Amino acid sequence: MTSLASTDIVTGSIHRSLAARIVARTGGGALRVLLVIVALIWLVPTFGLLVESFRNSAQYTNGGWWDAIAHPGQLTVQNYSNLVHNSSIMSSFVNTFEITVPATLLVIVIGAAAGYAFAWIEFPGRDWLFLIVVGLLVIPIQIALIPVLRLYGWLGISGSIVSVVLFHVAFGLPFAIFLLRNYFAGIPRDLLEAARMDGASEARIFVRLILPLGLPAIASLGIFQFLWVWNDLLVALVFTNSSSQPITVALASQTRQFGSSIDILAPGAFLSLVVPLIVFLAFQRFFVQGVMAGSVK
Amino acid sequence: MSQAEGRSRARRSRRVTPPGARRWHAGVFLAPALILLLAIVLYPLAYSIVRSLFNDTPSGGAGSWVGLSNYKHLFTDSTTLRALKNNVIWVLVAPTVVTILGLIFAVLSERIRWATVFKTVLFMPMAISGLASAITFSLIYADQPSRGLANTVTVGIHDIFEGSSRYPGLHPRDASVLEGSDKSGFTTKAAVTPGAVVMLPLTGLDLTSPPSSTAQAVTPTAGTGVTGVVWNDFALGGGGTTGSVDHGERGLGGMTIQALSQGKVVATTKADADGDFSFPSLTSGSYELRLPASNFAAAFNGLSWLGPNLITPAIILAWLWIYAGFAMVLLAAGMSALPRDALEAARVDGATEWQVFRRVTAPLLAPVLLVVFVTLVINVLKVFDIVFVIEQSAGANGKYGDVLAVSLYQDFGDQQYGLASAIGVFLVLLVIPAVVSNIRRFRRDQQ
């Protein structure tokens, strides 16, 4: 809009014909309508899931969620209260937190330490090592399932929450190191030199200087990793057992009886979706930055 | 090392290394990351390459050396071949469509004031798990039109253009009045003349839940032209006289009736809910009345979205819902970084918006487009969650949507570790071009 307006000033085309102006106006109107429709199409699936989560499975058999718009009486919180009393779903929900929080914090700490070393400490082979890390960015996790399962068996941590956390941390590291190293490298050199002149230890510089200054990148990384781990299904399918499984696995096992389990699946999926959605909406800016950096900029 | 390189390296290290940093510090800072990467990423990579060259013992251990036969199996076994074929479809279709869609949305959203809201709405699915998306779309793809949104819409569109068949399975009550079949339609045996009241008794209506287009039938009175009644000549509980309208018998509203003269359709009408119909224009001559087959065709119940033929496109559509916003946000960011004056100059020179887009925006945006496209391709090669869960909800037909990552997981579950490793290595090989281009781009950026 602004660019069009400034073009008008430059070319002086204020004398554009009436017809052209009408076309521009209605064209703009059509565009707005089109984009409203697109936005609605994008909202409908999630909205449908939300409405369905408030209906019981008998109603699902009789008709789609849109029936509930005409008959709001169909809506009930029964599914959710059942879910809250479903100990296996609830404990899996707790597991999701127990996996996601440490996996996120560890990636930040370990990734930031490595990122700092790559950015500000000279050591032999540094460039090569970093190139290897960049190369690992896109390695599919599928390649590691079998050997790591063996490794965990040997270490005696099979099926534990620790085992899933370690896997997520390891596969989160290339991105973490890549993102943080690039961000840390942009910190003004004078600041570090001054600190080193003052005799500050590397550990002190890292904690007092690098981490605070790198906060925007750390936030991006944290949100990105949080969502990645929270939403993961494959890693958890392979490495957890019935007592350590997160909510994604607990729900995925019910999808075989889709129609009859819909009263668990819909509210469960919505419950599992609320936390990432809040995180996303609250920290959208950081998330977008993380995604942009993650698309191997 | 040439002199120039040596100088530049020396200059770089002088610039980067502040005084006081000691090498062993690097070891301390790097150790946790390197140990994890080595144990959980690099060692498994090497292990899988080796493991893929061995077959399996029944307990899942490494059997004997089989060379490349696991890879051969990947390209010959019908199950993995189907997964491979689906992966090819995914790679050919999904990233291209999503990139184009993202570009369109990015360009269009620049022109609205609520662009931020629009982008948030489209980007939101990125925050949702593949599992939740899969459940969401399994709901949409449910077969029964009354349950699944996709089929509700499909049936709605179909019925707008084709007309809905209202009375599948109905047939004449009295073969001496109407003859034919539900394939060809039913035609009156006796000729019909104006002024007469034509009784067209059918039967077979589901009386326990009669459609809303039906009502208690009424015998019409004769008028100008041909009049008559088409009804379900049967009441719940039986009784009544065949060929006459009795209590509890329902008129077949919406039934199409054609009047034929010498085999040609001369008039068409539809019955009212009480079964009443009339052709006031037919005032002379003799006719046959026909109930065309379209009245009796089996109802169109939509498409089998998660059936063998459509399951992959259907899952791709769900994936598109997730990633279109991602492509849009990246491309919009790329566009906002374009030099404003180049665009302005083109517009000043009288270029239309389309020309500006084709000749200026698109070429300048090419590097970002490439990054988006490559990222999507890598993502598609590894796609698992959404396919796996939608397949489970699709039941027996699920296997037709298999992709390599799902095959790998199944082989893994069957303790076919050799095959699973081969698929894994194959996936790694497929992403190697991306690895190389990442490293290249990174080195270029460093110069």
# chains A, B, ... in the order shown; residues from 1 in each chain; ligands from 1

call {"tool": "select_by_dssp", "arguments": {"residues": "segment 222-375 of chain B", "states": "alpha helix (DSSP H)", "output": "MDAnalysis selection string"}}
result
chainID B and resid 311:336 340:348 353:355 362:375

call {"tool": "residues_around", "arguments": {"residues": "segment 200-202 of chain A", "least_positions_apart": "2", "cutoff": "12 Å", "atoms": "only C-alpha atoms", "output": "PyMOL selection string"}}
result
(chain A and resi 113+116-117+120-121+191-198+204-210) or (chain B and resi 18-29)

call {"tool": "residues_around", "arguments": {"residues": "His168 of chain A", "least_positions_apart": "5", "cutoff": "8 Å", "atoms": "only C-alpha atoms", "output": "VMD selection string"}}
result
chain A and resid 103 229 235

call {"tool": "write_last_selection", "arguments": {"atoms": "C-alpha atoms", "output": "short mmCIF file (atom, residue, chain, number, x, y, z; two decimals), in the first residue's frame"}}
result
data_model
loop_
_atom_site.label_atom_id
_atom_site.label_comp_id
_atom_site.auth_asym_id
_atom_site.auth_seq_id
_atom_site.Cartn_x
_atom_site.Cartn_y
_atom_site.Cartn_z
CA ALA A 103 16.13 -31.55 27.11
CA VAL A 229 10.91 -32.11 21.90
CA VAL A 235 12.14 -40.68 19.35
#

call {"tool": "atom_distance", "arguments": {"atom1": "atom CA of Ala134 of chain B", "atom2": "atom CA of Ile390 of chain B"}}
result
5.4 Å
